[in-house]
Structures are given as C-alpha cells and as structure tokens.
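Scroll down for the structure; my scribbles are underneath it.
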Amino acid sequence: MLSLAGVGCSSAGVLAFEIVLTRVFSVAQFYHFAFLTVSLALLGFGASGSALAAFPRLGRGGPRRWAVLAFAQGVSTMGAYALINRIPFDSFAIAWDRRQIGYLIAYYLALAVPFFFGGTVVGALLSGWDQPVPLSSARVYGASLIGAGLGCVIAVGALPLVGGVGVIAVASVLGLVAAATFETSNSSPSPALLAGVTAVTVAALLVSTLGSGVLALRLSPYKDLSAALRYPGATVIDTTWESSARIDHIVSAGIRSVPGLSFTWGGAPPPQDGITFDGDDLSPVPLVDPGEAEFSSHVLNSVAFSLRPGGDVLILEPRGGLDLVIALAAGAGSVTAVEAHGPAVEAARRAGSLAYADPAVEVIIEQPRSFVERTGRHFDVIDVALTAPYRPVTSGAYSLAEDYMLTTEAFDAYLGLMRPGGVLTIMRWLQTPPSETVRLLALAAEAVRRAGGDPEQSIIALRGYATGLILVKPDHFTAEEVDAVAGFAAADRFDIIAAPGRSPSNLYNVLPEDRYAELAARVFTDPEGLYRSYEFDIAPPTDDRPFFAHFFKWAQASQVLDSLGRTWQPFGGAGFFVLVAFLGLSALGAVVLILGPLLVMTRRRRTGDPSEGLLWTVGYFGLLGLAFLLVEIPLVQHYILLVGRPTTALAVVLFALLLAAGAGSVVSHRMRWRPTAVALALLAVAYPPLVRWMTALVLPAPLAVRAAVGAVALLPIGFLMGVMFPKGLARLERTAPHLIPWAWGINGTASVIAAAAAALLALTWGFQLVVTVGAAGYGAVALLARDPAKAPFNLRRE
C-alpha cells in the first residue's frame with residue numbers, strides 16, 4: 001500500500017505542477033505561451049516511457065530506485081521554476097533575435113525534467129520490476145489517476161492561499177513525500193535519504209515563503225503591469241491570487257485611462273488607481289464622485305445610459321468601476337454590477353471608489369455569463385464593459401483566448417433580459433483593417449434576426465478615433481432616439497457607422513476609405529456573402545467555437561508569413577501558425593520518442609517477427625492518448641458555463657474524470673474489453689448535448705451544487721475511460737511485458753499531440769468536432785480491443 005501511496009503522491013505533484021504552470025505563465029508571459037510551454041514540457045512525461053523502454057535499468061532497483069526518482073522529481077520541480085524565472089526569454093523578439101530560440105529551448109528542457117522523473121516513477125511501477133509486494137498494473141495506474149485528480153484539486157484550492165510560487169512548492173513537496181513513502185516501504189530504509197528528503201522539504205517550504213524576493217515571478221516587460229510600474233513613483237500595494245487570475249492593485253500618478261473619451265473633452269481625466277489581471281488588462285479605478293464626473297458624458301458608451309435615465313442598468317465585468325461612474329453620472333436609477341473577480345472589487349473599494357460605495361449599486365460576485373443565464377431579472381440597459389486593452393489581432397496572435405461573453409448564445413441571453421425598449425451596449429477597439437467592431441456588428445445582427453427583428457432598424461453603430469460602439473434595441477429604435485444619438489455623436493465628434501434612416505459619416509475621425517460603413521451594410525443585407533469573401537474571419541462566434549479574437553483564414557497565410565518578424569507581437573506575429581508549428585514539433589517528437597526505443601529493443605530481440613505486436617501497441621496506446629484528451633478538452637469548455645470559471649471547470653472535470661478513471665482501472669479485470677470500448681465511444685458522442693441539458697437544468701442553483709452535479713455526471717464516462725489503459729497493459733503482460741514502458745511513453749506522447757490538435761480543430765471547426773474525433777478514436781480502439789490467439793512475438797526478458 002505504501003508503494004501505491006507513493007505513486008499517488010508523485011502523480012499529484014506532477015499534475016499540480018502542470019496546472020500551476022498554466023497560471024504562472026499566464027501572468028509572466030501570455031496565455032498562448034503558457035499553453036505552448038506546458039504542452040511541450042509534457043513531452044517529458046512521454047519521454048519517460050521511451051527512456052524506460054530503451055534503458056530498463058533506469059527503472060530497476062525497487063523502492064530505493066523509485067525513491068531516488070521521486071526525490072529528483074521534487075527537487076527539479078522547484079529548480080525548474082527557479083531557472084526559467086531567470087531566463088530572459090522575449091517572445092516578441094524571437095523572430096529576429098536568435099538567442100531567444102536558445103532561451104525557448106532552455107525553457108522546454110528545464111520544464112521537461114520534473115515531468116520526466118514523475119513519469120519514470122509511474123512507468124517503472126507499471127512495468128512490475130523489482131516489486132517487494134507484486135502490484136497489478138491496473139492498481140498502479142488507478143493510484144496514479146486518483147493521485148493526479150487530487151493534485152488538480154490541491155493546485156486550484158491552494159492558489160488563493162499561497163499563490164503561484166507557493167503551489168509550486170507544494171508540488172515539489174508532494175514529490176518529496178512520494179520519495180519518503182517509497183523509501184519507507186523498503187526493507188532497510190536509508191536514514192540518510194530520509195534525512196535528505198526532510199531537509200529539502202523544509203528548504204522548499206522556507207524558500208517559497210521567506211524567500212519570495214528570490215523566487216518572485218518576473219513579468220514580461222510588455223505586460224500592462226510592467227509598463228505601469230515604469231512610471232516614477234508607481235507601486236503595487238496589494239497582490240491577490242485567485243484560482244483563475246492574479247489581481248494586482250497599482251497606485252500611480254501616471255494612470256489616466258478613459259477608453260472612448262471624445263477628443264473634444266478639454267479637461268483632465270480624474271485621478272485613478274489601476275487593477276491588472278494576470279499582469280495585463282489594466283482597468284482604471286476612477287477616484288471621483290459620479291455626480292461630479294464631468295468627463296463621463298463625453299465617453300462614447302455614455303449615450304446608452306442617457307437614452308434610459310432612471311433605468312435599471314446591468315453592467316457585466318465593471319472591473320475598476322469606470323462604467324459604474326458613467327452610468328451613475330448619466331442618472332441610472334439602479335446598477336447591478338456583476339464581476340467575476342471579488343478581489344478586484346475589494347481593491348477598488350480600498351482605493352476609495354465612490355461608485356462601488358454608491359447605494360444605488362448592487363455588486364454580485366459571479367461569472368457574468370452564468371449570472372445572465374440563470375437570473376430572472378430584467379433591465380433597461382445592459383452594458384458589456386470593455387475589459388481588454390487594445391491589441392493588434394489581425395495575425396491571430398491572441399486567438400487561443402476563449403470568450404463566452406461574446407457568442408451568439410450570449411447575445412441571445414442578453415436580449416432575453418431586456419425590458420421592452422431596453423438597450424444593449426458594447427464598446428470594442430477599432431482595428432485596421434476592420435475586425436473586432438465588424439464581428440461585434442455581426443453578432444448583434446445575428447441576435448436580432450434570431451429574436452425576429454430587423455438589424456437595420458435595431459442597431460446603431462458609432463466610432464471614435466480608437467473605439468467603436470454598438471447599440472442594440474430589438475424592438476427598433478424610434479426616430480427620436482436616433483436623433484438623440486446622432487446629436488450626441490455630432491456634439492462629441494463621433495462618426496456614424498450605421499443608424500436607422502441615417503447616412504454613415506466620415507467627418508471627425510476621418511478614414512481614407514470608410515470600410516466600416518460598407519461592411520456594416522453588408523452585415524445587414526448579405527452576411528453570409530461577407531463572411532465568405534472578407535479577408536478575415538468575422539462570422540459570429542458560438543459557444544462551440546468561442547474565439548472572438550480569432551480572425552485567421554487560411555487565405556491570409558502568405559500575408560502572415562510575409563510579415564513574420566515585422567510586427568511587434570508575440571512570436572513575431574505568427575499567431576495561428578504557432579499552433580501549427582507546435583503540432584509539427586509534437587509529431588516530430590513523437591516519432592523520435594517512439595522509434596528511438598524501438599531501434600534499441602529490436603537489437604535486443606532474439607526471435608520472432610515483432611511487427612504485428614509493435615503496430616498494435618502503437619495504434620492502441622496512441623489512440624488512447626489522443627482520444628482521452630480530445631474528449632476531455634471539450635468537456636472542460638462545456639463546464640465553463642456550468643461552474644463559471646475556466647480554472648474551476650478544469651478542476652471539476654479533471655478531478656471527476658481522473659477519480660472515476662482510477663476506480664475503473666482498479667476493477668478493469670472484471671470488465672469486458674470491446675463492449676466497454678464501444679460504450680465509451682457512444683457515450684463520448686452523447687455527452688456534449690447531455691451536459692448542455694444538465695447545465696440549463698441546474699444553472700439557477702448555487703455554485704457548490706452545480707459543481708457537485710457536474711462532477712457526478714462525469715463519473716460514468718470517467719469510469720469507462722479508466723478501464724481501457726489497464727486492459728491494454730494486461731494484454732502486454734501476457735504477450736510482451738517489456739513493451740509496457742514503451743506503451744506508457746506512446747500514450748503520453750500522443751496526449752501532447754492531442755492538445756495541439758484539439759486547439760487547431762476547435763479554432764477552425766469548433767469543440768463538437770473535437771469530441772467527435774475523440775469518440776472516433778475510441779471507436780478505433782474498440783476495433784483493437786482483443787487478445788491475440790497467441791503471442792505474436794517474443795522479446796528477451798532483461
């Protein structure tokens with residue numbers, strides 16, 4: 001039992017490290033960089049099986065060897081973070097500074113080390129070598145899955161308590177605890193090794209808590225937080241970690257941010273503090289009484305509130321409170337502010353925000369989309385606040401970030417909450433060529449059509465010098481309302497993109513060619529033709545494909561490649577091609593990790609033709625690795641709406657799937673192989689619609705209930721998933737036991753390929769296709785789920 005506990009602790013440490021790395025790199029670099037780095041590092045997990053297959057002595061030696069490997073995992077976990085935190089990698093300069101390629105390789109190699117050692121621990125025990133008490137591979141695999149599930153919960157739960165560096169220390173300690181557990185199970189434990197484990201554990205905890213200056217997370221110089229801190233006297237007065245974000249409160253005399261402010265305003269913006277999210281997306285905290293905020297009536301989105309004085313207003317993601325000030329200054333009767341990040345509201349209140357202190361403001365801490373889907377209240381104005389900074393998105397450099405606030409289903413929900421005569425208002429940045437605002441127009445027009453309205457009579461669009469505004473009134477704007485908006489635009493020098501009965505203008509923010517007006521007209525009259533012919537993908541995003549910032553079309557390929565390295569963007573503006581390149585690198589790595597051990601094993605082979613058994617091993621375990629991730633990733637996306645936050649969704653899905661899979665592994669010997677595979681393939685196809693039905697049913701319930709119901713719903717498919725891997729191992733135990741480490745490596749390597757493939761498929765066709773491909777993978781597994789009549793080959797036992 002101690003050996004199984006050690007496997008569980010080791011796997012918990014690996015998964016906790018993986019999850020916290022996604023958060024750490026989202027803060028230090030950018031979201032897409034986190035995905036790239038962590039996924040590449042997971043190749044180290046696949047490499048462990050390949051190394052064991054080629055060099056079996058690496059895993060031999062019983063509990064003492066397992067303890068040494070787990071000790072190396074624990075030490076390298078903290079060591080890898082400390083090393084990469086000091087490497088001056090610059091993703092913006094990689095296209096022309098060749099040193100950055102070396103730094104990126106160093107990142108990869110450093111991060112791969114703890115995954116390699118963690119994978120080697122599990123692979124060695126799965127192989128059954130030198131076990132004092134024989135353990136079945138199914139029990140070992142089950143312990144690994146259950147430990148990994150618990151590690152996910154530990155990482156997410158510990159982040160708000162100890163922060164990113166603290167969770168890395170916890171992951172390191174879990175590896176060290178595994179080492180101590182393995183050594184204790186030895187017939188003659190080494191006092192020196194146990195003392196070393198204890199000393200390193202204490203050191204890791206002390207360094208992570210007392211040595212925060214040494215291990216303090218270094219941010220990219222291009223992050224908003226880094227830029228704000230370069231202003232003289234700027235300082236961070238508070239940092240709070242959540243499971244889904246790090247929130248920093250900045251005090252600086254240099255923060256003066258009012259997106260959408262007319263250039264006719266001659267006064268100064270009010271004093272402001274700032275709040276950043278993951279070191280970016282700086283949100284201003286206006287330190288002004290809304291009743292004295294004279295600037296507010298000159299901000300582009302203020303016109304919506306002035307159309308409904310005294311109305312009930314819903315503001316989604318107010319962050320620092322700028323839109324609260326604008327709404328209150330325009331005479332809103334009540335304001336419901338729905339903010340996902342409680343620490344951001346607390347920071348604004350500590351800063352002295354009078355808007356958040358106003359008695360007319362009700363603050364609800366919840367994911368806005370979840371609130372919209374489950375509330376029964378109705379409003380006169382719904383404002384989706386602008387939270388992201390301006391970003392050049394034409395190359396797709398920020399495509400990977402999903403946004404469930406800007407999908408057709410979300411817009412349907414917004415319109416469903418509006419009272420008769422209600423107005424929806426959304427402001428976004430203008431891009432050249434037009435992209436964000438045009439896609440927003442397409443979303444609004446589609447929502448109006450679905451509600452039975454006429455987009456040309458229900459939408460008004462304005463633009464300033466940097467921002468565009470969309471106003472939506474499903475029951476059509478009256479002539480008086482159109483006149484009021486046109487008067488506001490003329491007074492503050494905003495141009496009209498589209499308005500019922502009005503010609504577009506290009507008078508104040510003059511463009512050489514006003515493509516916005518032309519594109520808006522086509523959105524209203526020929527949307528499908530526009531989506532096909534336009535140079536960017538501006539079709540309305542859906543919950544199945546929620547990537548608002550993904551504008552890439554394959555027709556852009558030559559243009560993007562020509563501009564590679566000439567734009568100031570991460571990875572030289574390669575955007576979508578970063579994923580393509582990553583998929584290629586993963587495939588190349590898979591070839592090396594699969595064929596390398598095969599060459600070594602072939603030289604050791606004595607008799608028999610191994611081709612049939614080798615092909616079966618590659619096909620079966622490779623398909624399992626691909627299918628598991630291709631089903632799991634869409635489930636995580638579907639659960640974001642159910643539980644509200646991406647990280648919480650990840651925790652619920654991984655915990656439930658891995659826990660259930662562990663149970664399935666333990667009892668796999670009682671399950672029929674092929675029928676289980678067929679049932680799993682059918683269930684994978686059925687789960688997305690079942691999850692959508694379940695979400696609609698339980699969404700009004702509290703978060704704890706939604707999370708519990710969601711976790712229970714995943715147990716059946718997780719249980720079946722857990723059966724398949726030990727079934728394959730059982731066949732290898734009977735026919736070719738020395739291929740077990742290789743199978744472990746193949747499975748891990750295929751998972752990395754699946755991560756890149758899932759992202760590419762989801763960006764291009766949506767998550768439904770991803771899960772369909774995953775289900776097809778399990779269907780192919782069902783065809784391979786059989787025992788041979790006799791062992792097709794025989795490898796010499798080492």
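Residue numbering restarts at 1 for every chain of the structure tokens, chains are lettered A, B, ... in their displayed order, and ligands are numbered from 1 as they appear.
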
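Contact shell of Pro359 (chain A) at 12 Å (only C-alpha atoms; same-chain neighbours under 4 positions omitted): Leu328, Ala332, Gly333, Ser334, Val335, Thr336, Leu354, Ala355 and Val363 of chain A.
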
N, CA and C atoms of the current selection, written as an mmCIF file, in the first residue's frame:
data_model
loop_
_atom_site.group_PDB
_atom_site.id
_atom_site.type_symbol
_atom_site.label_atom_id
_atom_site.label_comp_id
_atom_site.auth_asym_id
_atom_site.auth_seq_id
_atom_site.Cartn_x
_atom_site.Cartn_y
_atom_site.Cartn_z
ATOM 1 N N LEU A 328 -23.858 55.971 -13.430
ATOM 2 C CA LEU A 328 -24.423 56.776 -12.333
ATOM 3 C C LEU A 328 -24.475 58.249 -12.704
ATOM 4 N N ALA A 332 -28.597 56.770 -13.856
ATOM 5 C CA ALA A 332 -29.169 55.429 -13.700
ATOM 6 C C ALA A 332 -29.894 55.314 -12.371
ATOM 7 N N GLY A 333 -31.076 54.689 -12.398
ATOM 8 C CA GLY A 333 -31.825 54.524 -11.162
ATOM 9 C C GLY A 333 -31.216 53.474 -10.257
ATOM 10 N N SER A 334 -30.770 52.368 -10.828
ATOM 11 C CA SER A 334 -30.093 51.314 -10.082
ATOM 12 C C SER A 334 -29.083 50.665 -11.016
ATOM 13 N N VAL A 335 -28.021 50.152 -10.415
ATOM 14 C CA VAL A 335 -26.975 49.493 -11.204
ATOM 15 C C VAL A 335 -26.661 48.156 -10.544
ATOM 16 N N THR A 336 -26.788 47.090 -11.315
ATOM 17 C CA THR A 336 -26.361 45.769 -10.872
ATOM 18 C C THR A 336 -25.024 45.478 -11.540
ATOM 19 N N LEU A 354 -15.919 55.726 -5.131
ATOM 20 C CA LEU A 354 -17.229 56.170 -4.676
ATOM 21 C C LEU A 354 -18.349 55.497 -5.468
ATOM 22 N N ALA A 355 -18.037 55.027 -6.654
ATOM 23 C CA ALA A 355 -19.051 54.343 -7.456
ATOM 24 C C ALA A 355 -19.460 53.031 -6.802
ATOM 25 N N VAL A 363 -23.552 44.863 -6.014
ATOM 26 C CA VAL A 363 -22.429 44.101 -6.562
ATOM 27 C C VAL A 363 -22.693 42.615 -6.381
#

- Which residues, written as a ChimeraX atom specification, have at least one atom at most 8 Å from Leu205 (chain A), with only C-alpha atoms counted and residues fewer than 5 positions away on the same chain left out? /A:166,169-170,173

- Query: Residues of region 220-444 of chain A in strand (DSSP E or B) according to DSSP, as an MDAnalysis selection string?
  - Reply: chainID A and resid 235:241 246:251 261 272:277 280:286 299 312:316 334:339 361:365 379:384 418:429

- Message: Please list as a ChimeraX atom specification every residue within 8 Å of Val7 (chain A), counting only C-alpha atoms and excluding residues in the same chain fewer than 4 positions away.
- Response: /A:3,11,121-122,140,143-144,147,178

Writer output for current selection, C-alpha atoms, as an mmCIF file, in the first residue's frame:
data_model
loop_
_atom_site.group_PDB
_atom_site.id
_atom_site.type_symbol
_atom_site.label_atom_id
_atom_site.label_comp_id
_atom_site.auth_asym_id
_atom_site.auth_seq_id
_atom_site.Cartn_x
_atom_site.Cartn_y
_atom_site.Cartn_z
ATOM 1 C CA SER A 3 4.058 1.945 -2.930
ATOM 2 C CA SER A 11 1.244 11.927 -9.753
ATOM 3 C CA VAL A 121 8.192 6.735 -11.329
ATOM 4 C CA VAL A 122 4.819 5.605 -12.683
ATOM 5 C CA VAL A 140 -0.721 1.177 -10.061
ATOM 6 C CA ALA A 143 -3.413 5.029 -7.906
ATOM 7 C CA SER A 144 -1.710 7.328 -10.402
ATOM 8 C CA GLY A 147 -3.415 10.971 -7.162
ATOM 9 C CA ALA A 178 6.482 10.264 -2.548
#

- Quick one: residues within 9 Å of Val338 (chain A), only C-alpha atoms counted, chain neighbours fewer than 6 positions away excluded, as a ChimeraX atom specification? /A:314-318,362-368,371

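When only C-alpha atoms are used to compute distances to Val643 (chain A), the closest of the residues A:Arg374, A:Gly718, A:Gly728, A:Val600 turns out to be A:Arg374.
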
- Task: Give me, please, the distance in Å between CA of Pro132 (chain A) and CA of Gly59 (chain A), quoted to one decimal.
- Result: 14.2 Å

- Item | Residue neighbourhood Ala649 (chain A), 12 Å, only C-alpha atoms, exclusion window fewer than 2 positions, as a PyMOL selection string | chain A and resi 152-153+156+243-244+632-647+651-657+703+706-708+710-711

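CA of Pro512 (chain A) lies 21.4 Å from CA of Leu441 (chain A).
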
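For the pair CA of Phe719 (chain A) and CA of Ala686 (chain A), the interatomic distance is 15.6 Å.
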
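Minimum atom-to-atom distances from A:Pro597, A:Pro726, A:Gly331, A:Gly310 to Ser296 (chain A) were compared using only C-alpha atoms, and the lowest value belongs to A:Gly331.
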
- Item | Spatial neighbours of Glu518 (chain A), 10 Å, only C-alpha atoms, chain gap at least 6 places, as an MDAnalysis selection string | chainID A and resid 497:498 504

Selection above as a file: N, CA and C atoms, as a tab-separated table (two decimals), in the first residue's frame:
chain	number	residue	atom	x	y	z
A	497	ILE	N	-21.45	54.84	-38.01
A	497	ILE	CA	-21.19	53.69	-38.88
A	497	ILE	C	-22.51	53.23	-39.51
A	498	ALA	N	-23.54	53.11	-38.67
A	498	ALA	CA	-24.86	52.68	-39.14
A	498	ALA	C	-25.90	53.17	-38.16
A	504	PRO	N	-24.12	57.03	-43.11
A	504	PRO	CA	-22.88	56.98	-42.33
A	504	PRO	C	-22.06	58.24	-42.55

- Task: Enumerate the residues of region 127-217 of chain A with a DSSP assignment of alpha helix (DSSP H), computed from the backbone, and present them as number ranges by chain.
- Result: A: 137-184, 191-210, 212-215

- Message: I'd like the contact shell of Ile740 (chain A) - 8 Å cut-off, only C-alpha atoms, skipping same-chain residues fewer than 6 positions apart - returned as a ChimeraX atom specification.
- Response: /A:53,123,126-127,729,732-733

Keeping only C-alpha atoms, take the residues you just selected and write them out as a JSON list (two decimals), in the first residue's frame.
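Written output follows (result.json):
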[["chain", "number", "residue", "atom", "x", "y", "z"],
["A", 53, "ALA", "CA", 11.85, 1.01, -22.82],
["A", 123, "GLY", "CA", 6.32, 3.81, -15.68],
["A", 126, "LEU", "CA", 3.68, -0.21, -14.19],
["A", 127, "SER", "CA", 6.43, -2.42, -15.60],
["A", 729, "LEU", "CA", -1.47, -3.40, -20.32],
["A", 732, "LEU", "CA", 1.07, -6.80, -22.95],
["A", 733, "GLU", "CA", 1.69, -8.53, -19.60]]

- Message: Counting only C-alpha atoms, which residue out of A:Ala80, A:Met694, A:Gly779, A:Asp495 sits closest to Leu623 (chain A)?
- Response: A:Gly779

- Restricting the calculation to only C-alpha atoms, which member of A:Thr648, A:Pro63, A:Gln29, A:Ala293 is positioned closest to Ser187 (chain A)? A:Pro63
